[in-house]
Each structure stands twice: as C-alpha cells, then as structure tokens.
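Note sheet for the following structure.
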Amino acid sequence: MLGRAGPFIDWRGNTRKSTVGRTAGRATFLVTCALVPAVGLVLPAASSASAAETRSKTFTKGANQPFTVPEGVTSLDITAIGESGRPGKYGGGAGGKGGVVTGTIPVKPGDVLYVNVATGGGKSVDGGDGGGSSDIRTCDSTKSDCTLSASSTNDPRLIVAGGGGGGASGMSWLPGFPDLDKALIGSGGNADVMLPVDGTGIGGTGGKAPRRTVSWTDPNWKATPGAGGRGCTNDAGDAGGLGFGGSSDDGGGGGSGFAGGGSGSSCASWPNGVVELAPGGGGGGLHRVPDGGTSRLADGEQPEVRISFSVPAP
C-alpha cells in the first residue's frame, strides 16, 4: 500500500515536496473509475412488441344482428350452431339434429355483417317445428337487395349451419280414435353439408332434404330445397325454400339451411279397420362450409354464432 512520502533534496540542493502520494492517489482514482459501471452509458433493452389481442363475440337467437369488423382485422374465425328440430307433440317422433360448422372467412376493416341464429325453421301445428339455421351474411335480410340464391358463387351467406327436421305428431286428430302406433310416427332428418337426411314416414312420407345440383367437388355448386312429403290423401307437406324449411299440420317442419328441408305429410289409413294417422318427419337443412372448414352434428349445444378475431397491438 502506498503512503505519503516526506520532502527530499534534489541535485541542486533544493528542498522539494514528494509527488509520490499525488501520483498514487491519481492511479487509485483511475482504477476506481474503471471498476464503477458507467450507468449513464448503459441503454435499456428494447421492449418486445406487444402481442395481438384475441377477442370474441357470441350471438344468440335472433335475426339480422349487425357486426362491424374492427380496424386492422382481415379474417374472422366462426363457429355456427344450427338448431335441432323439435319432437312432435303428443309423444311424437324425434327431431333431427342441427349442425355445427366452423371456418375462417376473409373480411375488410369496417365491413358490416349480419348474424342470424336459429331462423327459418318450418312450422308445424301438431308436429315438431323444424330447427332454424344459423349464418353470417353480407346483407340485411329485410332489404330488397338481399337476395338468396343457394349458389356458392353469389349467395350473400358466407357460412351456414343447417337445422334439423321436426318430428311428426304422435296423436290422431280424429275424435274417438286411438293414438297412433308409435312405430309409424316419422322422425325428423339431420342437417348435413353433403347429404342432409330425409324425414322418415310410413303412411305420410317424410319431407325431403335439400341436395346439391352438381358434383360435390365442383366449387361452383348450387343447392335445391327439399320437397314436401307425399301424403296418401291430399295432405302433402310443403317444400323447403332458400333459407327456410317447409311447414305442415301434422308432419314435422323442415329444417332451415343454405337450402331448407321439406315438411312431412299426413296420411289417414285404416289398418284392421282402425283409423290412424301416420305423419312423416321434416327433412334436415343443408350447411354451407367455408373452404378449409369443418362440420359435425350438434351434440346438445344450443344454437349460436361465435366470432373470434385478433386485433393488432397499437
């Protein structure tokens, strides 16, 4: 350790003060500075970019519910659930299942879309109502220029989950006669993307499901609604339409969809001298699935449309 030295005599005989202490002190100061971090010269690490925020919105039963695409959003992830058909009254036939359709649709910020949930199911007086379809479209269906075509090229509906057909009535409407043989009561058909299921029926036949008019692999396809069931009297079921199912008195209502199913028909018959009605169930509705999307039968889920999207960080 260096100490402070005393005065000394140079070669001329003059007395001088020692500089050893000052030199040592200056060295100590420089060493100390070298060991102390230069805080003012250390730059803070750049913060990582904030991740995009994922948001979602769920729509329940209702028609023409508007949704405006947020700024910076260019695609929407959709889950649409169609309504299952209702069972027929008086212990009637079972309703068909609606569908669950998922997919991603391209959009532009500021676009206004319209969400419909469980709409268009065919009605029945004593049978079960058909299930309504759930969709997202580019126009308000109350406007005259919102025209449905059931064509993959120009229909305004971007995604559709079809509804199931309604079950047929389970009781004779003729006074004084027994209820129906349960084995004869028609059930509603399930919704589907390729082959929706026809309603069943032995006396009055079930309503037909809609069908595509061209090959499944053709991207420019169109669908036709299902025909109504054929009654053994004049009481035939109504045909489905574009976005709605057919209606009936005793048969099941048709399921709604990209194209809707027909309703089931009624039939009066006299097996063994006993009058019975044997109505048919309604046909299931047709889905529209976006490219790369999926579809399956609903398993107890309630009808709704969920929209998820990522909002860029500011």
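Following the order of the structure tokens, chains are lettered A, B, ..., residues in each are numbered from 1, and ligands are numbered from 1.
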
Residues within 7 Å of range 157-159 of chain A, only C-alpha atoms, excluding chain neighbours under 2 positions, as a PyMOL selection string: chain A and resi 135-138+155+161+288-290

Given the selection you just returned, output its residues as a file containing N, CA and C atoms, formatted as a tab-separated table (two decimals), in the first residue's frame.
chain	number	residue	atom	x	y	z
A	135	ASP	N	-76.37	-18.36	-39.49
A	135	ASP	CA	-75.50	-17.95	-40.58
A	135	ASP	C	-74.94	-16.56	-40.35
A	136	ILE	N	-73.92	-16.21	-41.15
A	136	ILE	CA	-73.41	-14.85	-41.26
A	136	ILE	C	-73.51	-14.46	-42.73
A	137	ARG	N	-74.10	-13.29	-42.99
A	137	ARG	CA	-74.26	-12.85	-44.37
A	137	ARG	C	-73.83	-11.40	-44.52
A	138	THR	N	-73.72	-10.98	-45.77
A	138	THR	CA	-73.21	-9.63	-46.06
A	138	THR	C	-74.31	-8.59	-46.20
A	155	ASP	N	-74.28	-16.19	-53.44
A	155	ASP	CA	-75.17	-16.09	-52.28
A	155	ASP	C	-74.49	-15.26	-51.19
A	161	ALA	N	-74.96	-23.01	-40.78
A	161	ALA	CA	-75.16	-24.28	-40.07
A	161	ALA	C	-76.65	-24.60	-40.13
A	288	ARG	N	-73.58	-24.59	-45.34
A	288	ARG	CA	-72.53	-24.04	-46.22
A	288	ARG	C	-71.28	-23.92	-45.37
A	289	VAL	N	-70.23	-24.64	-45.77
A	289	VAL	CA	-68.98	-24.67	-45.02
A	289	VAL	C	-67.91	-23.92	-45.80
A	290	PRO	N	-67.25	-22.92	-45.21
A	290	PRO	CA	-66.17	-22.22	-45.93
A	290	PRO	C	-65.02	-23.16	-46.27

Residues of range 39-157 of chain A in strand (DSSP E), written as a ChimeraX atom specification: /A:53-59,62-68,75-81,99-106,112-119,133-137,157

Nearest to Gln302 in chain A by atom-to-atom distance, counting only C-alpha atoms, from A:Thr58, A:Ser141, A:Ser152, A:Ser256: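 Of A:Thr58, A:Ser141, A:Ser152, A:Ser256, the one nearest Gln302 in chain A, counting only C-alpha atoms, is A:Thr58.
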
Near-Asp126 in chain A list (12 Å; only C-alpha atoms; drop same-chain fewer than 2 positions) as number ranges by chain: A: 86-93, 123-124, 128-129, 166-173, 247-253, 264-266, 277, 279-281

CA of Pro225 in chain A to CA of Asp238 in chain A, straight-line distance in Å: 10.7 Å

Who sits within 8 Å of Val100 in chain A, only C-alpha atoms, same chain under 3 positions skipped, as a PyMOL selection string: chain A and resi 79-82+161+295-298

Written file, previous selection with N, CA and C atoms, as a PDB file, in the first residue's frame:
ATOM      1  N   THR A  79     -67.733 -20.066 -35.456  1.00  0.00           N
ATOM      2  CA  THR A  79     -68.412 -21.309 -35.106  1.00  0.00           C
ATOM      3  C   THR A  79     -69.905 -21.025 -35.126  1.00  0.00           C
ATOM      4  N   ALA A  80     -70.620 -21.678 -36.042  1.00  0.00           N
ATOM      5  CA  ALA A  80     -72.070 -21.503 -36.163  1.00  0.00           C
ATOM      6  C   ALA A  80     -72.760 -22.808 -35.785  1.00  0.00           C
ATOM      7  N   ILE A  81     -73.783 -22.715 -34.939  1.00  0.00           N
ATOM      8  CA  ILE A  81     -74.513 -23.900 -34.476  1.00  0.00           C
ATOM      9  C   ILE A  81     -75.978 -23.758 -34.869  1.00  0.00           C
ATOM     10  N   GLY A  82     -76.461 -24.692 -35.703  1.00  0.00           N
ATOM     11  CA  GLY A  82     -77.857 -24.700 -36.106  1.00  0.00           C
ATOM     12  C   GLY A  82     -78.742 -25.338 -35.041  1.00  0.00           C
ATOM     13  N   ALA A 161     -74.957 -23.014 -40.779  1.00  0.00           N
ATOM     14  CA  ALA A 161     -75.160 -24.283 -40.074  1.00  0.00           C
ATOM     15  C   ALA A 161     -76.648 -24.604 -40.133  1.00  0.00           C
ATOM     16  N   SER A 295     -67.522 -29.552 -40.296  1.00  0.00           N
ATOM     17  CA  SER A 295     -68.926 -29.657 -39.882  1.00  0.00           C
ATOM     18  C   SER A 295     -69.133 -30.965 -39.132  1.00  0.00           C
ATOM     19  N   ARG A 296     -70.094 -30.940 -38.244  1.00  0.00           N
ATOM     20  CA  ARG A 296     -70.484 -32.140 -37.497  1.00  0.00           C
ATOM     21  C   ARG A 296     -71.899 -31.925 -36.973  1.00  0.00           C
ATOM     22  N   LEU A 297     -72.485 -32.993 -36.405  1.00  0.00           N
ATOM     23  CA  LEU A 297     -73.801 -32.865 -35.791  1.00  0.00           C
ATOM     24  C   LEU A 297     -73.687 -32.204 -34.423  1.00  0.00           C
ATOM     25  N   ALA A 298     -74.660 -31.387 -34.101  1.00  0.00           N
ATOM     26  CA  ALA A 298     -74.706 -30.789 -32.773  1.00  0.00           C
ATOM     27  C   ALA A 298     -74.976 -31.886 -31.741  1.00  0.00           C
TER      28      ALA A 298
END

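Residue nearest Cys139 in chain A within the list A:Gly260, A:Pro156, A:Gly255, A:Gly96: A:Pro156 [criterion: smallest interatomic distance, only C-alpha atoms].
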
Distance query Gly165 in chain A at most 6 Å, only C-alpha atoms, self and fewer than 3 positions along chain excluded, as an mmCIF file with N, CA and C atoms, in the first residue's frame:
data_model
loop_
_atom_site.group_PDB
_atom_site.id
_atom_site.type_symbol
_atom_site.label_atom_id
_atom_site.label_comp_id
_atom_site.auth_asym_id
_atom_site.auth_seq_id
_atom_site.Cartn_x
_atom_site.Cartn_y
_atom_site.Cartn_z
ATOM 1 N N GLY A 85 -84.235 -29.961 -34.596
ATOM 2 C CA GLY A 85 -85.687 -29.984 -34.752
ATOM 3 C C GLY A 85 -86.380 -30.386 -33.459
ATOM 4 N N GLY A 95 -86.993 -35.136 -33.178
ATOM 5 C CA GLY A 95 -86.484 -34.147 -34.118
ATOM 6 C C GLY A 95 -85.072 -34.497 -34.565
ATOM 7 N N GLY A 96 -84.711 -34.056 -35.754
ATOM 8 C CA GLY A 96 -83.360 -34.272 -36.259
ATOM 9 C C GLY A 96 -82.377 -33.286 -35.642
ATOM 10 N N GLY A 130 -89.374 -27.411 -37.345
ATOM 11 C CA GLY A 130 -88.024 -27.647 -37.826
ATOM 12 C C GLY A 130 -87.046 -26.682 -37.188
ATOM 13 N N GLY A 188 -87.659 -36.518 -37.647
ATOM 14 C CA GLY A 188 -87.002 -35.503 -38.451
ATOM 15 C C GLY A 188 -85.614 -35.933 -38.882
ATOM 16 N N GLY A 189 -85.168 -35.412 -40.026
ATOM 17 C CA GLY A 189 -83.839 -35.732 -40.537
ATOM 18 C C GLY A 189 -82.782 -34.788 -39.988
ATOM 19 N N GLY A 253 -91.937 -30.054 -39.292
ATOM 20 C CA GLY A 253 -91.466 -28.953 -40.121
ATOM 21 C C GLY A 253 -90.068 -29.221 -40.655
ATOM 22 N N GLY A 254 -89.779 -28.664 -41.822
ATOM 23 C CA GLY A 254 -88.461 -28.858 -42.416
ATOM 24 C C GLY A 254 -87.399 -28.014 -41.735
ATOM 25 N N GLY A 255 -86.178 -28.530 -41.684
ATOM 26 C CA GLY A 255 -85.069 -27.773 -41.120
ATOM 27 C C GLY A 255 -84.601 -26.697 -42.088
ATOM 28 N N GLY A 282 -89.885 -33.941 -40.829
ATOM 29 C CA GLY A 282 -89.329 -32.955 -41.751
ATOM 30 C C GLY A 282 -87.900 -33.280 -42.151
ATOM 31 N N GLY A 283 -87.514 -32.846 -43.336
ATOM 32 C CA GLY A 283 -86.148 -33.053 -43.810
ATOM 33 C C GLY A 283 -85.166 -32.082 -43.171
ATOM 34 N N GLY A 284 -83.922 -32.506 -43.041
ATOM 35 C CA GLY A 284 -82.884 -31.654 -42.450
ATOM 36 C C GLY A 284 -82.366 -30.618 -43.427
#
